>>> print(open('query-v4.txt').read())   # compact mmCIF, C-alpha atoms
# COMPACT_ATOMS: atom_id res chain seq x y z
CA MET A 300 -14.77 44.53 4.17
CA LYS A 301 -15.86 41.66 1.99
CA ASN A 302 -16.91 39.02 4.41
CA SER A 303 -18.08 36.02 2.46
CA ARG A 304 -15.13 34.09 1.13
CA TYR A 305 -14.86 30.47 0.04
CA ILE A 306 -12.45 28.86 2.50
CA VAL A 307 -11.21 25.28 2.52
CA VAL A 308 -9.83 23.97 5.82
CA VAL A 309 -7.84 20.73 5.65
CA GLY A 310 -7.67 18.84 8.94
CA CYS A 311 -10.40 18.99 11.55
CA GLY A 312 -8.42 18.66 14.75
CA ARG A 313 -8.41 21.21 17.57
CA LEU A 314 -7.05 24.00 15.38
CA GLY A 315 -8.91 23.08 12.21
CA SER A 316 -12.30 22.79 13.87
CA LEU A 317 -11.77 26.03 15.80
CA LEU A 318 -10.88 27.91 12.63
CA ALA A 319 -13.72 26.35 10.64
CA ASN A 320 -16.30 27.18 13.32
CA ARG A 321 -15.18 30.81 13.59
CA LEU A 322 -14.85 31.37 9.87
CA SER A 323 -18.28 29.88 9.31
CA ARG A 324 -19.82 31.99 12.08
CA ASP A 325 -18.28 35.10 10.43
CA GLY A 326 -20.31 34.37 7.32
CA ASN A 327 -17.79 32.63 5.08
CA SER A 328 -18.57 29.51 3.06
CA VAL A 329 -16.36 26.89 4.62
CA VAL A 330 -15.47 23.37 3.50
CA VAL A 331 -13.69 21.11 5.99
CA ILE A 332 -11.77 18.02 4.90
CA ASP A 333 -10.57 15.28 7.25
CA ARG A 334 -9.71 11.68 6.53
CA VAL A 335 -11.17 10.56 9.86
CA GLU A 336 -14.94 10.78 9.80
CA ILE A 337 -15.47 11.25 13.55
CA ALA A 338 -13.05 14.20 13.57
CA LEU A 339 -15.71 16.12 11.67
CA ASP A 340 -18.01 15.73 14.69
CA ASP A 341 -15.86 18.35 16.46
CA LEU A 342 -17.53 21.04 14.39
CA SER A 343 -20.06 23.05 16.35
CA PRO A 344 -23.80 22.45 15.73
CA ASP A 345 -24.16 25.87 14.10
CA PHE A 346 -21.36 25.17 11.58
CA SER A 347 -23.08 25.81 8.27
CA GLY A 348 -20.40 24.70 5.81
CA PHE A 349 -19.65 21.42 4.08
CA ARG A 350 -17.84 18.42 5.49
CA ILE A 351 -15.77 16.11 3.31
CA ASN A 352 -14.48 12.81 4.65
CA GLY A 353 -11.38 12.00 2.62
CA ASP A 354 -7.60 12.16 2.26
CA ALA A 355 -6.55 15.60 1.03
CA THR A 356 -3.39 14.21 -0.56
CA HIS A 357 -5.62 12.64 -3.20
CA MET A 358 -6.41 14.95 -6.08
CA ALA A 359 -9.94 13.57 -6.32
CA VAL A 360 -10.74 14.79 -2.80
CA LEU A 361 -9.42 18.30 -3.51
CA LYS A 362 -11.43 18.41 -6.71
CA ALA A 363 -14.55 17.38 -4.76
CA ALA A 364 -13.90 20.33 -2.44
CA LYS A 365 -14.03 22.58 -5.55
CA LEU A 366 -10.62 23.92 -4.64
CA LYS A 367 -10.29 25.86 -7.85
CA ASN A 368 -13.08 28.18 -6.68
CA ALA A 369 -11.55 28.72 -3.23
CA ASP A 370 -10.28 32.12 -2.05
CA VAL A 371 -8.34 30.68 0.86
CA LEU A 372 -6.91 27.29 1.83
CA ILE A 373 -5.69 26.53 5.33
CA ALA A 374 -3.81 23.26 5.92
CA THR A 375 -3.91 22.30 9.59
CA THR A 376 -3.48 18.51 9.77
CA HIS A 377 -1.10 17.14 12.39
CA GLU A 378 1.28 15.98 9.65
CA ASP A 379 3.68 18.61 8.33
CA ASN A 380 4.18 16.82 5.04
CA VAL A 381 0.47 16.61 4.33
CA ASN A 382 0.11 20.33 4.99
CA LEU A 383 3.07 21.18 2.79
CA MET A 384 1.87 19.01 -0.06
CA VAL A 385 -1.72 20.25 0.07
CA ALA A 386 -0.56 23.88 0.28
CA GLN A 387 1.66 23.50 -2.78
CA VAL A 388 -1.01 21.72 -4.79
CA ALA A 389 -3.53 24.42 -3.85
CA GLN A 390 -1.20 27.25 -4.79
CA LYS A 391 0.50 25.89 -7.89
CA ILE A 392 -2.18 23.69 -9.45
CA PHE A 393 -5.55 25.02 -8.26
CA ARG A 394 -4.26 28.62 -8.16
CA VAL A 395 -5.85 29.39 -4.81
CA PRO A 396 -4.91 33.05 -4.12
CA HIS A 397 -4.25 32.70 -0.40
CA VAL A 398 -2.71 29.55 1.02
CA LEU A 399 -1.50 28.94 4.56
CA ALA A 400 0.07 25.83 6.07
CA ARG A 401 0.79 24.89 9.63
CA VAL A 402 4.26 23.39 9.95
CA PHE A 403 5.56 22.18 13.31
CA ASP A 404 9.17 21.65 12.28
CA PRO A 405 10.98 25.01 11.99
CA ARG A 406 13.67 23.41 9.80
CA ARG A 407 11.12 22.44 7.19
CA GLU A 408 9.54 25.90 7.38
CA GLU A 409 12.71 27.52 5.97
CA VAL A 410 12.68 25.42 2.84
CA TYR A 411 9.04 26.12 2.12
CA ALA A 412 9.56 29.83 2.59
CA GLN A 413 11.95 29.43 -0.38
CA LEU A 414 9.15 27.87 -2.39
CA GLY A 415 6.84 30.78 -1.62
CA ILE A 416 4.47 28.85 0.63
CA ASP A 417 3.18 30.86 3.59
CA THR A 418 3.62 28.81 6.72
CA ILE A 419 2.84 29.29 10.38
CA CYS A 420 5.06 27.40 12.75
CA PRO A 421 3.43 27.01 16.19
CA THR A 422 6.76 25.83 17.60
CA SER A 423 8.58 29.04 16.64
CA VAL A 424 5.63 31.23 17.65
CA ALA A 425 5.43 29.61 21.09
CA ALA A 426 9.20 29.73 21.51
CA ASP A 427 9.24 33.45 20.72
CA MET A 428 6.49 34.11 23.25
CA PHE A 429 8.23 32.12 25.95
CA LEU A 430 11.54 33.86 25.27
CA GLU A 431 9.88 37.25 25.35
CA ALA A 432 8.13 36.40 28.62
CA VAL A 433 11.41 35.18 30.11
CA ALA A 434 13.23 38.32 28.95
CA ASN A 435 10.57 40.47 30.59
CA GLY A 436 11.36 38.72 33.84
CA GLY A 437 7.86 37.41 34.15
CA THR A 438 6.28 40.88 34.27
CA HIS A 439 3.22 40.65 32.12
CA GLN A 440 2.22 43.90 30.51
CA ASP A 441 -0.63 44.65 28.16
CA GLY A 442 0.55 44.59 24.58
CA GLY A 443 3.72 42.81 25.60
CA VAL A 444 2.84 39.18 25.60
CA SER A 445 -0.59 38.51 24.25
CA MET B 1134 27.39 6.60 -7.44
CA LYS B 1135 25.82 7.34 -4.07
CA ILE B 1136 22.11 6.77 -3.69
CA ILE B 1137 19.81 7.43 -0.74
CA ILE B 1138 16.61 5.40 -0.70
CA VAL B 1139 13.81 6.27 1.71
CA GLY B 1140 11.18 3.63 2.34
CA GLY B 1141 10.78 -0.06 3.04
CA GLY B 1142 9.16 -3.29 2.00
CA LYS B 1143 10.16 -5.87 -0.57
CA PRO B 1144 10.52 -3.55 -3.57
CA LEU B 1145 13.06 -1.49 -1.62
CA PHE B 1146 14.94 -4.61 -0.57
CA PHE B 1147 15.35 -5.94 -4.10
CA LEU B 1148 16.02 -2.51 -5.56
CA CYS B 1149 18.74 -2.00 -3.03
CA ARG B 1150 20.26 -5.44 -3.62
CA ASN B 1151 20.36 -4.61 -7.31
CA PHE B 1152 22.09 -1.29 -6.75
CA THR B 1153 24.69 -2.60 -4.33
CA ALA B 1154 25.48 -5.47 -6.74
CA LYS B 1155 26.27 -2.81 -9.35
CA GLY B 1156 28.69 -1.24 -6.92
CA TYR B 1157 26.58 1.78 -5.98
CA ARG B 1158 26.86 3.05 -2.46
CA VAL B 1159 23.38 2.88 -0.97
CA THR B 1160 22.04 4.44 2.21
CA ILE B 1161 18.55 3.40 3.32
CA ILE B 1162 16.36 5.52 5.57
CA ASN B 1163 13.50 3.66 7.23
CA ARG B 1164 11.27 4.59 10.16
CA ASP B 1165 10.79 1.10 11.51
CA LYS B 1166 13.49 -0.13 13.93
CA GLY B 1167 12.80 -3.82 13.35
CA GLU B 1168 12.90 -3.49 9.59
CA CYS B 1169 16.14 -1.49 9.85
CA VAL B 1170 17.79 -4.32 11.76
CA LEU B 1171 16.66 -6.87 9.15
CA LEU B 1172 17.76 -4.70 6.24
CA SER B 1173 21.19 -4.06 7.68
CA ARG B 1174 21.71 -7.80 8.21
CA GLN B 1175 20.67 -8.71 4.69
CA LEU B 1176 22.19 -5.89 2.66
CA THR B 1177 25.59 -4.30 2.27
CA ALA B 1178 24.00 -0.89 2.60
CA THR B 1179 24.14 1.71 5.33
CA VAL B 1180 20.80 1.70 7.15
CA LEU B 1181 19.57 4.72 9.07
CA CYS B 1182 16.52 4.59 11.30
CA GLY B 1183 14.40 7.72 11.19
CA ASP B 1184 12.04 10.03 9.31
CA GLY B 1185 13.44 10.66 5.84
CA SER B 1186 11.57 13.95 5.58
CA ASP B 1187 13.51 15.31 8.55
CA PRO B 1188 16.35 17.47 7.22
CA GLU B 1189 18.65 16.30 10.04
CA ILE B 1190 18.22 12.65 9.06
CA LEU B 1191 18.83 13.41 5.40
CA LYS B 1192 21.97 15.27 6.37
CA GLU B 1193 23.13 12.35 8.48
CA ALA B 1194 22.52 10.03 5.54
CA GLY B 1195 24.95 12.14 3.55
CA ALA B 1196 22.45 13.94 1.33
CA MET B 1197 24.98 16.71 0.77
CA GLY B 1198 27.15 14.50 -1.46
CA ALA B 1199 24.53 12.13 -2.81
CA ASP B 1200 24.00 11.66 -6.55
CA ALA B 1201 20.38 10.61 -6.24
CA VAL B 1202 17.56 10.36 -3.74
CA LEU B 1203 14.73 7.92 -4.26
CA ALA B 1204 11.60 8.32 -2.10
CA VAL B 1205 9.44 5.19 -2.15
CA THR B 1206 7.47 5.36 1.12
CA PRO B 1207 3.77 4.46 1.07
CA ASN B 1208 2.88 8.12 1.72
CA ASP B 1209 2.88 10.49 -1.23
CA GLN B 1210 3.20 13.58 0.94
CA ASP B 1211 6.39 12.21 2.51
CA ASN B 1212 7.85 11.31 -0.89
CA LEU B 1213 7.20 14.82 -2.17
CA VAL B 1214 8.74 16.56 0.85
CA ILE B 1215 11.77 14.21 0.88
CA CYS B 1216 12.52 15.01 -2.75
CA GLN B 1217 12.01 18.73 -2.31
CA LEU B 1218 14.27 18.86 0.73
CA ALA B 1219 16.91 16.83 -1.11
CA THR B 1220 16.88 19.21 -4.06
CA LEU B 1221 16.37 22.54 -2.32
CA LYS B 1222 18.33 22.10 0.88
CA PHE B 1223 21.04 19.64 -0.14
CA GLY B 1224 21.38 20.24 -3.87
CA VAL B 1225 20.97 16.56 -4.78
CA PRO B 1226 21.05 16.48 -8.61
CA LYS B 1227 18.41 13.77 -9.02
CA ALA B 1228 15.43 13.19 -6.72
CA ILE B 1229 12.68 10.79 -7.73
CA ALA B 1230 9.39 10.22 -5.92
CA LEU B 1231 7.02 7.29 -6.02
CA ALA B 1232 3.44 8.44 -6.56
CA ASN B 1233 1.25 5.87 -4.80
CA ASP B 1234 -1.83 7.64 -6.11
CA PRO B 1235 -1.27 7.59 -9.90
CA ASP B 1236 -2.87 11.06 -10.16
CA ASN B 1237 -0.06 12.42 -8.04
CA ALA B 1238 2.59 11.51 -10.65
CA GLU B 1239 1.43 14.42 -12.77
CA THR B 1240 0.93 16.64 -9.71
CA PHE B 1241 4.51 16.06 -8.56
CA GLU B 1242 5.92 16.80 -12.00
CA ARG B 1243 4.01 20.09 -11.99
CA LEU B 1244 5.54 20.88 -8.61
CA GLY B 1245 8.98 20.23 -10.10
CA VAL B 1246 9.62 16.75 -8.71
CA SER B 1247 10.33 13.73 -10.94
CA ALA B 1248 7.77 11.04 -10.20
CA PHE B 1249 6.64 7.61 -11.32
CA SER B 1250 3.61 5.49 -10.58
CA THR B 1251 4.14 1.74 -10.26
CA THR B 1252 0.39 1.26 -10.53
CA ARG B 1253 0.46 2.85 -13.95
CA ILE B 1254 3.54 0.99 -15.15
CA VAL B 1255 2.37 -2.40 -13.91
CA GLY B 1256 -1.16 -1.71 -15.11
CA SER B 1257 -0.10 -0.99 -18.67
CA LEU B 1258 2.25 -3.99 -18.65
CA ILE B 1259 -0.53 -6.31 -17.61
CA GLU B 1260 -2.92 -4.83 -20.14
CA GLN B 1261 -0.41 -5.20 -22.95
CA ARG B 1262 0.68 -8.71 -22.00
CA ALA B 1263 -2.86 -9.87 -21.54
CA SER B 1264 -3.92 -8.50 -24.89
CA MET B 1265 -0.95 -9.68 -26.97
CA GLU B 1266 1.37 -12.61 -26.60
CA GLN B 1267 4.11 -11.09 -28.76
CA ILE B 1268 4.68 -8.14 -26.45
CA LEU B 1269 7.57 -8.84 -24.12
CA ASN B 1270 7.94 -5.46 -22.52
CA LEU B 1271 6.26 -2.13 -22.43
CA LEU B 1272 7.72 0.93 -20.84
CA PRO B 1273 5.86 4.22 -20.73
CA VAL B 1274 8.35 7.12 -20.67
CA GLY B 1275 7.90 10.89 -20.56
CA GLU B 1276 4.90 10.68 -18.23
CA GLY B 1277 3.28 8.06 -20.43
CA ARG B 1278 3.42 10.30 -23.50
CA VAL B 1279 5.82 7.89 -25.21
CA ASN B 1280 5.73 4.08 -25.28
CA VAL B 1281 8.79 1.90 -25.68
CA THR B 1282 7.60 -1.60 -26.58
CA GLU B 1283 9.57 -4.78 -27.09
CA ILE B 1284 7.82 -7.27 -29.35
CA VAL B 1285 8.80 -10.54 -30.98
CA LEU B 1286 7.96 -11.10 -34.64
CA GLU B 1287 6.09 -14.34 -35.21
CA ALA B 1288 6.24 -16.38 -38.39
CA GLY B 1289 2.84 -15.10 -39.49
CA SER B 1290 3.79 -11.45 -39.20
CA PRO B 1291 3.00 -9.44 -42.35
CA VAL B 1292 6.37 -7.68 -42.14
CA ALA B 1293 8.57 -10.78 -41.73
CA GLY B 1294 10.98 -10.88 -44.68
CA LYS B 1295 10.38 -7.25 -45.64
CA GLN B 1296 12.94 -4.47 -45.75
CA LEU B 1297 12.36 -1.66 -43.31
CA LYS B 1298 11.89 0.95 -46.07
CA ASP B 1299 8.99 -1.10 -47.49
CA ILE B 1300 7.14 -1.23 -44.20
CA ASP B 1301 4.41 1.34 -43.97
CA LEU B 1302 4.50 2.41 -40.33
CA PRO B 1303 2.14 5.16 -39.16
CA GLU B 1304 3.53 8.57 -38.26
CA ASN B 1305 5.31 8.97 -34.94
CA ALA B 1306 6.38 5.34 -34.78
CA LEU B 1307 9.95 4.12 -35.04
CA ILE B 1308 11.65 0.72 -35.09
CA ALA B 1309 14.60 1.73 -32.95
CA VAL B 1310 16.42 -1.55 -32.41
CA VAL B 1311 16.26 -5.06 -33.87
CA ILE B 1312 17.62 -7.88 -31.74
CA ARG B 1313 18.52 -10.99 -33.76
CA ASP B 1314 20.27 -13.98 -32.15
CA ASN B 1315 20.80 -11.89 -29.05
CA ARG B 1316 22.66 -9.24 -31.04
CA PRO B 1317 21.03 -5.81 -31.01
CA MET B 1318 21.43 -3.42 -33.93
CA VAL B 1319 19.99 -0.08 -34.93
CA PRO B 1320 18.49 -0.80 -38.33
CA GLY B 1321 18.41 1.34 -41.48
CA GLY B 1322 16.01 1.22 -44.43
CA GLU B 1323 17.97 -1.57 -46.14
CA ASN B 1324 17.71 -3.93 -43.17
CA ASP B 1325 15.07 -6.60 -43.24
CA LEU B 1326 12.95 -8.07 -40.48
CA LEU B 1327 12.72 -11.80 -39.89
CA ALA B 1328 10.44 -14.01 -37.86
CA GLY B 1329 11.95 -14.45 -34.41
CA ASP B 1330 13.43 -10.94 -34.37
CA ARG B 1331 12.83 -8.94 -31.25
CA ILE B 1332 11.97 -5.37 -32.05
CA VAL B 1333 12.11 -2.31 -29.86
CA LEU B 1334 9.39 0.00 -31.06
CA ILE B 1335 8.96 3.62 -30.00
CA THR B 1336 5.49 5.10 -30.44
CA LEU B 1337 3.25 7.88 -29.24
CA PRO B 1338 0.23 6.41 -27.46
CA GLU B 1339 -2.20 7.42 -30.21
CA ASN B 1340 -0.19 5.47 -32.79
CA HIS B 1341 0.70 2.58 -30.57
CA GLY B 1342 -2.19 0.36 -31.65
CA PRO B 1343 -1.88 1.03 -35.42
CA ALA B 1344 1.92 0.52 -35.34
CA LEU B 1345 1.52 -2.81 -33.54
CA LYS B 1346 -1.08 -3.86 -36.09
CA VAL B 1347 1.37 -3.21 -38.95
CA LEU B 1348 4.01 -5.39 -37.29
CA THR B 1349 1.84 -8.22 -36.02
CA GLY B 1350 -1.18 -8.09 -38.29
CA GLU B 1351 -3.48 -8.32 -35.31
CA GLU B 1352 -6.16 -5.87 -34.32
CA ARG B 1353 -5.61 -4.68 -30.83
>>> encode(input="query-v4.txt", output="structure tokens")
Amino acid sequence: MKNSRYIVVVGCGRLGSLLANRLSRDGNSVVVIDRVEIALDDLSPDFSGFRINGDATHMAVLKAAKLKNADVLIATTHEDNVNLMVAQVAQKIFRVPHVLARVFDPRREEVYAQLGIDTICPTSVAADMFLEAVANGGTHQDGGVS
Amino acid sequence: MKIIIVGGGKPLFFLCRNFTAKGYRVTIINRDKGECVLLSRQLTATVLCGDGSDPEILKEAGAMGADAVLAVTPNDQDNLVICQLATLKFGVPKAIALANDPDNAETFERLGVSAFSTTRIVGSLIEQRASMEQILNLLPVGEGRVNVTEIVLEAGSPVAGKQLKDIDLPENALIAVVIRDNRPMVPGGENDLLAGDRIVLITLPENHGPALKVLTGEER
């Protein structure tokens, strides 16, 4: 398995920093973008990628991240609309082969599925897990709820 | 005509006042409660408080039957998503987004959303007005690939008194309308130009300067 990919992570919150740290530790070249400078301090000391302090909805910032060379873009800011915009720009303009966006609002997720943007909706994922756990009557089995 | 406008501030207020005066039905969506109260007092528009990029709010605003949606919030990402939801989910025939970052105007067009940049429009207006007194109006259309310019012919203009067919305009430049004594007309080759005429000139940007020079005699 090819292990060194060029990955751009937009948003360095809890999820973004976690992903960036792990992807970097696995040997990928990682660039993290956040518009708040101190958010970038959440990266672990052994994070070996690049940090960019800037607003990813500005083309200039995405160009600085050399997005056109990226293999993967992950948009994880806390604003759905930022994630959706960055994901579309990455896919349609910078032709990034693999683009993923976090979207909290399940109703917005539907529309972007139509546009061909891969989204992960933590709200739906959590809801499904809760429902499954409830249906199982609280019995927790391996492979059931993970 | 039913228009939904998402955003706030003075431009929205005056835009909306303009539209309602023309008899359009306007619904405003604004996030700020205080501003909503003010707007609903001052305008004859329906005002809805909420996030315009929330499909439920758009639905409540009547997006399903709207003729146009205008997204003029200070956040480009919101404007993009509002317009895409309006088109994709509610089938609104016309959705237009403000691009706060001028670079995003092109980006939005490439993502299939009509966009404009006030920075660009105002910027070119100021540039043109500052550089030439005779220019009354300049409107970039087609993403700035075409200029529509209104100029007034001064007495010293080299084309004053000439017939249109004798005026040697560069390629890709057209005198579309001549306004004389407040009466506009679309001129033919036999028409002449007089000092005091207001001319609507259509040019491509590369020929804008040369065409202006022919009409005014000034180097730009």
>>> residues_around(input="query-v4.txt", residues="B:Gly1224", least_positions_apart="3", cutoff="12 Å", atoms="all atoms listed in the file", output="JSON, numbers by chain")
{"B": [1191, 1192, 1195, 1196, 1197, 1198, 1199, 1200, 1201, 1202, 1216, 1217, 1218, 1219, 1220, 1221, 1227, 1228]}
>>> residues_around(input="query-v4.txt", residues="stretch 1336-1343 of chain B", least_positions_apart="2", cutoff="12 Å", atoms="all atoms listed in the file", output="VMD selection string")
chain B and resid 1257 1261 1264 to 1265 1271 to 1283 1301 to 1309 1333 to 1334 1345 to 1353
>>> residues_around(input="query-v4.txt", residues="A:Arg394", least_positions_apart="6", cutoff="9 Å", atoms="only C-alpha atoms", output="NGL selection string")
:A and (366-369 or 388)
>>> closest_residue(input="query-v4.txt", among="B:Thr1177, B:Gln1267, B:Thr1160, B:Asn1212", to="chain A", atoms="only C-alpha atoms")
B:Asn1212
>>> interface_residues(input="query-v4.txt", of="chain A", to="chain B", cutoff="12 Å", atoms="all atoms listed in the file", output="PyMOL selection string")
chain A and resi 354-362+378-393+403-414
>>> residues_near_point(input="query-v4.txt", point="(-23.0, 26.2, 10.6)", cutoff="9 Å", atoms="all atoms listed in the file", output="JSON, numbers by chain")
{"A": [320, 323, 324, 329, 342, 343, 344, 345, 346, 347, 348, 349]}
